[in-house]
Each structure stands twice: as C-alpha cells, then as structure tokens.
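Structure file coords.cif; described as mmCIF, C-alpha atoms.
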```cif
data_target
loop_
_atom_site.label_atom_id
_atom_site.label_comp_id
_atom_site.auth_asym_id
_atom_site.auth_seq_id
_atom_site.Cartn_x
_atom_site.Cartn_y
_atom_site.Cartn_z
CA MET A 185 -20.01 65.76 -5.07
CA ILE A 186 -21.20 62.37 -6.30
CA ALA A 187 -23.14 61.86 -3.08
CA ILE A 188 -24.91 65.18 -3.49
CA GLY A 189 -25.65 64.38 -7.12
CA LEU A 190 -27.12 61.05 -6.08
CA LEU A 191 -29.19 62.75 -3.39
CA PHE A 192 -30.64 65.29 -5.83
CA GLY A 193 -31.22 62.52 -8.38
CA ILE A 194 -33.21 60.50 -5.87
CA ALA A 195 -35.20 63.58 -4.89
CA PHE A 196 -35.89 64.46 -8.54
CA GLY A 197 -36.98 60.93 -9.41
CA PHE A 198 -39.18 60.77 -6.34
CA LEU A 199 -40.85 64.08 -7.11
CA LEU A 200 -41.41 63.15 -10.76
CA SER A 201 -43.21 59.94 -9.84
CA ALA A 202 -44.99 61.50 -6.86
CA GLY A 203 -46.17 64.26 -9.20
CA GLY A 204 -47.56 61.65 -11.56
CA LEU A 205 -45.32 62.65 -14.45
CA THR A 206 -44.18 59.06 -14.92
CA ASP A 207 -47.72 57.99 -15.74
CA TYR A 208 -48.59 57.74 -19.43
CA ASP A 209 -52.28 58.57 -18.96
CA THR A 210 -51.52 61.71 -16.96
CA VAL A 211 -49.15 63.09 -19.59
CA HIS A 212 -51.31 61.91 -22.48
CA ASP A 213 -54.47 63.53 -21.10
CA SER A 214 -52.65 66.82 -20.67
CA LEU A 215 -51.29 66.70 -24.22
CA LEU A 216 -54.87 66.12 -25.41
CA PHE A 217 -55.92 69.18 -23.35
CA ARG A 218 -58.29 66.98 -21.34
CA ASP A 219 -56.74 68.49 -18.26
CA ALA A 220 -54.01 70.99 -17.51
CA TYR A 221 -52.13 68.88 -14.98
CA VAL A 222 -48.71 68.69 -16.66
CA PHE A 223 -48.81 72.36 -17.62
CA LEU A 224 -49.69 73.31 -14.05
CA VAL A 225 -46.83 71.20 -12.65
CA MET A 226 -44.37 72.74 -15.11
CA GLY A 227 -45.76 76.21 -14.47
CA SER A 228 -45.54 75.97 -10.71
CA ALA A 229 -42.00 74.58 -10.93
CA VAL A 230 -40.95 77.51 -13.10
CA LEU A 231 -42.71 79.98 -10.79
CA VAL A 232 -40.67 78.66 -7.87
CA ALA A 233 -37.36 78.32 -9.72
CA MET A 234 -37.43 81.65 -11.59
CA PRO A 235 -37.26 84.06 -8.65
CA LEU A 236 -34.84 81.85 -6.72
CA LEU A 237 -32.51 81.45 -9.70
CA HIS A 238 -32.45 85.19 -10.34
CA LEU A 239 -32.03 85.92 -6.67
CA LEU A 240 -28.92 83.71 -6.72
CA LYS A 241 -27.63 85.55 -9.76
CA TRP A 242 -28.45 89.13 -8.80
CA ARG A 243 -27.37 88.89 -5.19
CA ARG A 244 -24.26 86.96 -6.29
CA TRP A 245 -25.01 84.44 -3.63
CA VAL A 246 -22.57 81.58 -3.53
CA THR A 247 -24.02 78.19 -4.27
CA PRO A 248 -22.85 75.47 -1.87
CA LEU A 249 -21.35 73.35 -4.65
CA GLY A 250 -19.53 75.73 -6.91
CA GLY A 251 -19.35 79.42 -6.18
CA PRO A 252 -21.50 82.13 -7.73
CA LEU A 253 -24.10 81.15 -10.28
CA THR A 254 -23.38 82.05 -13.89
CA ILE A 255 -26.08 81.67 -16.48
CA THR A 256 -24.79 81.66 -20.03
CA PRO A 257 -27.64 81.61 -22.54
CA SER A 258 -26.48 80.28 -25.89
CA LYS A 259 -27.10 82.19 -29.09
CA ILE A 260 -30.52 81.81 -30.58
CA GLY A 261 -30.46 79.43 -33.51
CA SER A 262 -32.55 77.06 -35.56
CA LYS A 263 -31.36 74.10 -33.50
CA PHE A 264 -33.93 74.91 -30.81
CA VAL A 265 -36.77 74.59 -33.31
CA ARG A 266 -35.36 71.64 -35.28
CA GLY A 267 -34.40 69.66 -32.19
CA GLY A 268 -37.70 70.59 -30.57
CA LEU A 269 -39.67 69.24 -33.52
CA VAL A 270 -37.90 65.85 -33.35
CA PHE A 271 -38.15 65.77 -29.56
CA GLY A 272 -41.83 66.70 -29.58
CA VAL A 273 -42.83 63.79 -31.82
CA GLY A 274 -41.14 61.30 -29.46
CA PHE A 275 -42.64 63.12 -26.48
CA GLY A 276 -46.14 62.90 -27.95
CA VAL A 277 -45.95 59.25 -28.99
CA SER A 278 -44.41 57.88 -25.81
CA GLY A 279 -46.06 60.30 -23.40
CA THR A 280 -42.77 60.71 -21.63
CA CYS A 281 -39.43 62.44 -21.99
CA ALA A 282 -35.89 61.92 -20.78
CA ALA A 283 -36.11 62.12 -16.99
CA PRO A 284 -39.58 60.58 -16.46
CA ALA A 285 -38.64 57.68 -18.78
CA VAL A 286 -35.88 56.75 -16.37
CA ALA A 287 -38.06 57.35 -13.32
CA MET A 288 -40.98 55.30 -14.67
CA VAL A 289 -38.87 52.13 -14.70
CA GLY A 290 -38.55 52.59 -10.96
CA THR A 291 -42.33 52.74 -10.66
CA GLY A 292 -42.61 49.28 -12.26
CA HIS A 293 -43.25 50.24 -15.89
CA VAL A 294 -40.56 47.94 -17.26
CA ALA A 295 -41.40 48.92 -20.85
CA GLY A 296 -39.69 52.22 -20.05
CA LEU A 297 -36.42 50.31 -20.53
CA ALA A 298 -37.14 50.28 -24.27
CA THR A 299 -37.58 54.07 -24.18
CA ILE A 300 -34.28 54.43 -22.33
CA ALA A 301 -32.50 52.20 -24.87
CA GLY A 302 -33.89 54.38 -27.66
CA LEU A 303 -32.91 57.50 -25.73
CA PHE A 304 -29.24 56.55 -25.54
CA ALA A 305 -29.24 55.39 -29.16
CA GLY A 306 -30.69 58.75 -30.21
CA ILE A 307 -28.12 60.69 -28.18
CA ALA A 308 -25.27 58.63 -29.71
CA LEU A 309 -26.75 59.00 -33.19
CA ARG A 310 -26.91 62.79 -32.90
CA GLY A 311 -23.35 62.82 -31.57
CA ALA A 312 -22.12 60.70 -34.48
CA TRP A 313 -23.93 62.95 -36.95
CA VAL A 314 -22.41 66.12 -35.48
CA THR A 315 -18.92 64.55 -35.47
CA ARG A 316 -19.31 63.59 -39.12
CA ALA A 317 -20.60 67.02 -40.10
CA THR A 318 -17.79 68.70 -38.14
CA ALA A 319 -15.15 66.49 -39.79
CA SER A 320 -16.36 67.30 -43.28
CA ALA A 321 -16.63 71.00 -42.42
CA SER A 322 -13.08 71.18 -41.08
CA THR A 323 -11.63 69.63 -44.22
CA ARG A 324 -13.29 72.37 -46.25
CA ASN A 325 -12.16 75.24 -44.09
CA ASP A 326 -9.46 74.66 -41.52
CA ASP A 327 -9.51 78.18 -40.12
CA GLN A 328 -13.14 78.20 -39.18
CA LEU A 329 -14.19 77.03 -35.79
CA ALA A 330 -16.47 74.05 -36.01
CA PRO A 331 -19.96 74.57 -34.61
CA GLY A 332 -20.11 73.74 -30.97
CA SER A 333 -16.38 74.08 -30.44
CA ALA A 334 -16.41 77.82 -29.84
CA SER A 335 -14.16 78.52 -26.92
CA ALA A 336 -15.85 79.71 -23.79
CA ASP A 337 -14.01 81.36 -20.98
CA VAL A 338 -15.58 79.36 -18.25
CA THR A 339 -14.50 80.62 -14.89
CA THR A 340 -15.10 79.03 -11.55
CA GLY A 341 -18.62 78.74 -10.32
CA THR A 342 -21.77 76.99 -11.32
CA VAL A 343 -22.34 77.50 -15.02
CA ILE A 344 -25.66 76.78 -16.60
CA GLY A 345 -25.33 76.65 -20.35
CA LEU A 346 -28.68 76.97 -22.09
CA MET B 60 -47.82 50.81 -20.76
CA ARG B 61 -50.85 48.80 -19.75
CA SER B 62 -52.66 52.10 -20.21
CA ARG B 63 -52.21 51.87 -23.97
CA THR B 64 -54.32 48.74 -23.97
CA SER B 65 -56.91 49.78 -21.40
CA ARG B 66 -58.60 52.44 -23.49
CA SER B 67 -58.63 50.73 -26.88
CA GLY B 68 -59.72 47.39 -25.48
CA ARG B 69 -57.43 45.68 -27.96
CA PRO B 70 -54.11 44.77 -26.37
CA VAL B 71 -51.03 46.01 -28.22
CA PRO B 72 -48.51 43.19 -28.71
CA THR B 73 -45.46 43.66 -26.49
CA SER B 74 -43.10 43.48 -29.47
CA VAL B 75 -44.94 46.33 -31.21
CA LEU B 76 -44.99 48.37 -28.00
CA VAL B 77 -41.24 47.87 -27.53
CA LEU B 78 -40.58 48.98 -31.12
CA ILE B 79 -42.77 52.08 -30.72
CA LEU B 80 -41.06 53.00 -27.46
CA LEU B 81 -37.59 52.38 -28.92
CA ALA B 82 -38.38 54.64 -31.87
CA SER B 83 -39.89 57.40 -29.76
CA GLY B 84 -37.00 57.16 -27.30
CA LEU B 85 -34.64 57.57 -30.24
CA LEU B 86 -36.44 60.75 -31.33
CA ILE B 87 -36.38 62.11 -27.77
CA GLY B 88 -32.63 61.46 -27.39
CA TYR B 89 -31.77 62.80 -30.83
CA GLY B 90 -33.91 65.91 -30.42
CA ALA B 91 -32.70 66.58 -26.88
CA ARG B 92 -29.06 66.52 -27.94
CA TRP B 93 -29.84 68.63 -30.99
CA MET B 94 -31.53 71.43 -29.07
CA GLY B 95 -29.16 71.04 -26.12
CA GLY B 96 -31.68 70.21 -23.44
CA CYS B 97 -34.87 68.41 -22.55
CA THR B 98 -38.08 69.12 -20.69
CA SER B 99 -36.13 69.54 -17.47
CA GLY B 100 -33.18 71.44 -18.97
CA HIS B 101 -35.02 73.82 -21.29
CA GLY B 102 -38.56 73.62 -19.93
CA LEU B 103 -37.78 74.05 -16.26
CA CYS B 104 -34.25 75.48 -15.89
CA GLY B 105 -34.04 77.39 -19.17
CA VAL B 106 -37.44 79.02 -18.95
CA SER B 107 -36.76 79.89 -15.30
CA ALA B 108 -33.51 81.54 -16.35
CA LEU B 109 -35.44 83.36 -19.11
CA ALA B 110 -33.10 82.04 -21.80
CA VAL B 111 -34.69 82.88 -25.16
CA GLY B 112 -33.48 79.67 -26.81
CA SER B 113 -35.04 77.59 -24.05
CA VAL B 114 -38.38 79.40 -24.36
CA VAL B 115 -38.34 78.80 -28.12
CA ALA B 116 -37.37 75.13 -27.65
CA THR B 117 -40.03 74.56 -24.98
CA ALA B 118 -42.75 76.19 -27.07
CA THR B 119 -41.68 74.07 -30.06
CA PHE B 120 -41.54 70.68 -28.38
CA PHE B 121 -44.72 71.20 -26.40
CA SER B 122 -46.73 72.25 -29.43
CA THR B 123 -45.23 69.41 -31.47
CA ALA B 124 -46.10 66.92 -28.72
CA VAL B 125 -49.67 68.25 -28.57
CA ALA B 126 -50.01 68.08 -32.37
CA THR B 127 -48.57 64.54 -32.44
CA THR B 128 -50.91 63.38 -29.69
CA PHE B 129 -53.97 64.87 -31.40
CA LEU B 130 -52.90 63.27 -34.70
CA LEU B 131 -52.49 59.87 -33.02
CA HIS B 132 -55.83 60.27 -31.32
CA TRP B 133 -57.49 61.09 -34.63
CA LEU B 134 -55.70 58.37 -36.61
CA THR B 135 -56.60 55.65 -34.12
CA GLY B 136 -60.22 56.79 -33.91
CA GLY B 137 -59.86 57.87 -30.30
CA ALA B 138 -58.29 54.60 -29.13
CA VAL B 139 -55.04 56.29 -28.12
#
```

What's the structure tokens form of this structure?
Amino acid sequence: MIAIGLLFGIAFGFLLSAGGLTDYDTVHDSLLFRDAYVFLVMGSAVLVAMPLLHLLKWRRWVTPLGGPLTITPSKIGSKFVRGGLVFGVGFGVSGTCAAPAVAMVGTGHVAGLATIAGLFAGIALRGAWVTRATASASTRNDDQLAPGSASADVTTGTVIGL
Amino acid sequence: MRSRTSRSGRPVPTSVLVLILLASGLLIGYGARWMGGCTSGHGLCGVSALAVGSVVATATFFSTAVATTFLLHWLTGGAV
C-alpha cells in the first residue's frame, strides 16, 4: 500500500513539474490571462478523469486497492466559498498551491520550502481553530453533534469524500 | 523564485521573499483545510466527480487567485 502510494506520488510530482505547474511564471501568466496554459492542463485532466471515474462508479468496477469506488459528496456549505477565498489569495500571491509547492522544491526552487512551512502551519492553525470552536460548542449543547464529527457509515471500498 | 526578480529588475531580498512565501503558504494551508481540499482534491478529483461543493470551491479559489494576481500586478505597476 505504501509502495503504491509512493509510486503514485512520484508519478504525480513528475507530471506536475513536467507539465510546468511548478514554475511561478507559468502559473502567474495564466492567472493574468496572458495565456490559458494552466486552465488547459486542468481542463484536460478533468476531461480524462471524469469519464473514467464515472465508469468506475457506474460499472461498479473494483479498484485494485480497495474494492468498488464510492464517491460521497459532502453537503454544500459556506466553507467551500470561505476556504476558497483564503486559499485563492495564497494561490495568487505565491503562484503555487499545495502539491506543486512540494514538487517545486524537487525542481531546485529551494524557496518553496518556505511555502511548505507556511502550508503546514496553516493546516495546523485551521485544525486548532476548529478544535477550539468545537470545544466551546459542545459545552453549550452536549446533545448536538459537533460540525465535522457527523458519523458516516463508511463501508469497504475506496471512498472519496468531497 | 528568481522569476520574481527577473521582471521587475529590482531583486527582492531573500528575507522578504521567505516571509511572503510563508504567509501565502499559511493561507493556502488554512484555506485548503477549511474547504476540505485543494487544487488537486477539489479542482481535479472533485470537479471530475461532479461534486457541487468542489465546483463551487474551484470557481471561488480560481477567481480569487486571478483577482489577487491582477491586484498585485496593478499595485506593483506591472512589476509582478
């Protein structure tokens, strides 16, 4: 399992840098609408993944790693917009996001290490904030399920929670 | 990173660059955990799975990134 994860990680990192997504100028120029490169890469990736993902789901094909594919879309909420606004500012300023930031260090852009340090700090900060909010919510109302702790009957198989 | 200096002609001090990257990394991490995914998770997987939340998240962070970049470009007089 770990070996396969490592293999896919290497492939993903390789494709990100080979696709030029670890390059600041490439991303920056696309975000300035000087060219459509990043949007075309994202678009073509989605065009390939969408039919294959739904084929897996509809045909109930068994994935090699964990049984049939189950896609569980989460309920629509304001978190997608709020989180997206915060994420987008960082994305625009640094010209990178989570995965390419890690991959760009491998391409020799050592400054990406600062982005990664910030990344983990941000993830921890959000986690600490949620824990604090959950703790104060549970003292007010013990019966209510805290946000994010809703029980899910996860069965066997590959589950994509979105 | 060198690219930030190449266009403006004026080199950005490494300490400033590190601080900017730390701060933007922080926003990326915080926002990604908040919305429950990133460009890969929501933008590629979520949109492919046609998850409404992912489509909303992707539209939001891409338009915010574009707006931020245009603002930076305008504020720096085209240097960035």

Residues in the PyMOL selection byres ((chain B) within 6 of (chain A)), expressed as a ChimeraX atom specification: /B:77,80-81,83-90,92-94,103,107,110,112,116,119-120,123-125,127-128

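Between CA of Thr98 (chain B) and CA of Pro252 (chain A) the separation is 24.7 Å.
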
Coordinates-based distance that separates CA of Cys104 (chain B) from CA of Ala202 (chain A) (Å, one decimal): 19.8 Å

Interatomic distance, CA of Gly204 (chain A) to CA of Gly292 (chain A) (Å, one decimal): 13.3 Å

Using the incomplete input, complete region 75-88 of chain B to the level of N, CA, C and O atoms; output as a PDB file, in the coordinates of the input.
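Output file rebuild_30.pdb is given in full below:
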```pdb
ATOM      1  N   VAL B  75     -44.596  45.069 -30.527  1.00  0.00           N
ATOM      2  CA  VAL B  75     -44.940  46.330 -31.210  1.00  0.00           C
ATOM      3  C   VAL B  75     -44.718  47.502 -30.268  1.00  0.00           C
ATOM      4  O   VAL B  75     -44.140  48.532 -30.646  1.00  0.00           O
ATOM      5  N   LEU B  76     -45.143  47.317 -29.013  1.00  0.00           N
ATOM      6  CA  LEU B  76     -44.990  48.370 -28.000  1.00  0.00           C
ATOM      7  C   LEU B  76     -43.520  48.721 -27.805  1.00  0.00           C
ATOM      8  O   LEU B  76     -43.141  49.895 -27.759  1.00  0.00           O
ATOM      9  N   VAL B  77     -42.683  47.667 -27.729  1.00  0.00           N
ATOM     10  CA  VAL B  77     -41.240  47.870 -27.530  1.00  0.00           C
ATOM     11  C   VAL B  77     -40.660  48.647 -28.712  1.00  0.00           C
ATOM     12  O   VAL B  77     -39.872  49.583 -28.532  1.00  0.00           O
ATOM     13  N   LEU B  78     -41.080  48.291 -29.920  1.00  0.00           N
ATOM     14  CA  LEU B  78     -40.580  48.980 -31.120  1.00  0.00           C
ATOM     15  C   LEU B  78     -40.999  50.450 -31.130  1.00  0.00           C
ATOM     16  O   LEU B  78     -40.204  51.331 -31.447  1.00  0.00           O
ATOM     17  N   ILE B  79     -42.267  50.698 -30.762  1.00  0.00           N
ATOM     18  CA  ILE B  79     -42.770  52.080 -30.720  1.00  0.00           C
ATOM     19  C   ILE B  79     -41.985  52.896 -29.697  1.00  0.00           C
ATOM     20  O   ILE B  79     -41.559  54.020 -29.969  1.00  0.00           O
ATOM     21  N   LEU B  80     -41.761  52.288 -28.529  1.00  0.00           N
ATOM     22  CA  LEU B  80     -41.060  53.000 -27.460  1.00  0.00           C
ATOM     23  C   LEU B  80     -39.598  53.227 -27.827  1.00  0.00           C
ATOM     24  O   LEU B  80     -39.028  54.280 -27.525  1.00  0.00           O
ATOM     25  N   LEU B  81     -38.971  52.230 -28.470  1.00  0.00           N
ATOM     26  CA  LEU B  81     -37.590  52.380 -28.920  1.00  0.00           C
ATOM     27  C   LEU B  81     -37.482  53.559 -29.885  1.00  0.00           C
ATOM     28  O   LEU B  81     -36.600  54.417 -29.758  1.00  0.00           O
ATOM     29  N   ALA B  82     -38.408  53.585 -30.856  1.00  0.00           N
ATOM     30  CA  ALA B  82     -38.380  54.640 -31.870  1.00  0.00           C
ATOM     31  C   ALA B  82     -38.630  56.013 -31.250  1.00  0.00           C
ATOM     32  O   ALA B  82     -37.925  56.984 -31.565  1.00  0.00           O
ATOM     33  N   SER B  83     -39.613  56.097 -30.350  1.00  0.00           N
ATOM     34  CA  SER B  83     -39.890  57.400 -29.760  1.00  0.00           C
ATOM     35  C   SER B  83     -38.766  57.830 -28.826  1.00  0.00           C
ATOM     36  O   SER B  83     -38.440  59.019 -28.751  1.00  0.00           O
ATOM     37  N   GLY B  84     -38.164  56.851 -28.144  1.00  0.00           N
ATOM     38  CA  GLY B  84     -37.000  57.160 -27.300  1.00  0.00           C
ATOM     39  C   GLY B  84     -35.859  57.708 -28.136  1.00  0.00           C
ATOM     40  O   GLY B  84     -35.171  58.644 -27.739  1.00  0.00           O
ATOM     41  N   LEU B  85     -35.679  57.121 -29.316  1.00  0.00           N
ATOM     42  CA  LEU B  85     -34.640  57.570 -30.240  1.00  0.00           C
ATOM     43  C   LEU B  85     -34.857  59.033 -30.634  1.00  0.00           C
ATOM     44  O   LEU B  85     -33.932  59.837 -30.642  1.00  0.00           O
ATOM     45  N   LEU B  86     -36.109  59.362 -30.943  1.00  0.00           N
ATOM     46  CA  LEU B  86     -36.440  60.750 -31.330  1.00  0.00           C
ATOM     47  C   LEU B  86     -36.195  61.699 -30.163  1.00  0.00           C
ATOM     48  O   LEU B  86     -35.676  62.804 -30.353  1.00  0.00           O
ATOM     49  N   ILE B  87     -36.568  61.260 -28.959  1.00  0.00           N
ATOM     50  CA  ILE B  87     -36.380  62.110 -27.770  1.00  0.00           C
ATOM     51  C   ILE B  87     -34.890  62.379 -27.554  1.00  0.00           C
ATOM     52  O   ILE B  87     -34.466  63.522 -27.356  1.00  0.00           O
ATOM     53  N   GLY B  88     -34.081  61.308 -27.611  1.00  0.00           N
ATOM     54  CA  GLY B  88     -32.630  61.460 -27.390  1.00  0.00           C
ATOM     55  C   GLY B  88     -31.981  62.324 -28.453  1.00  0.00           C
ATOM     56  O   GLY B  88     -31.199  63.230 -28.150  1.00  0.00           O
TER      57      GLY B  88
END
```
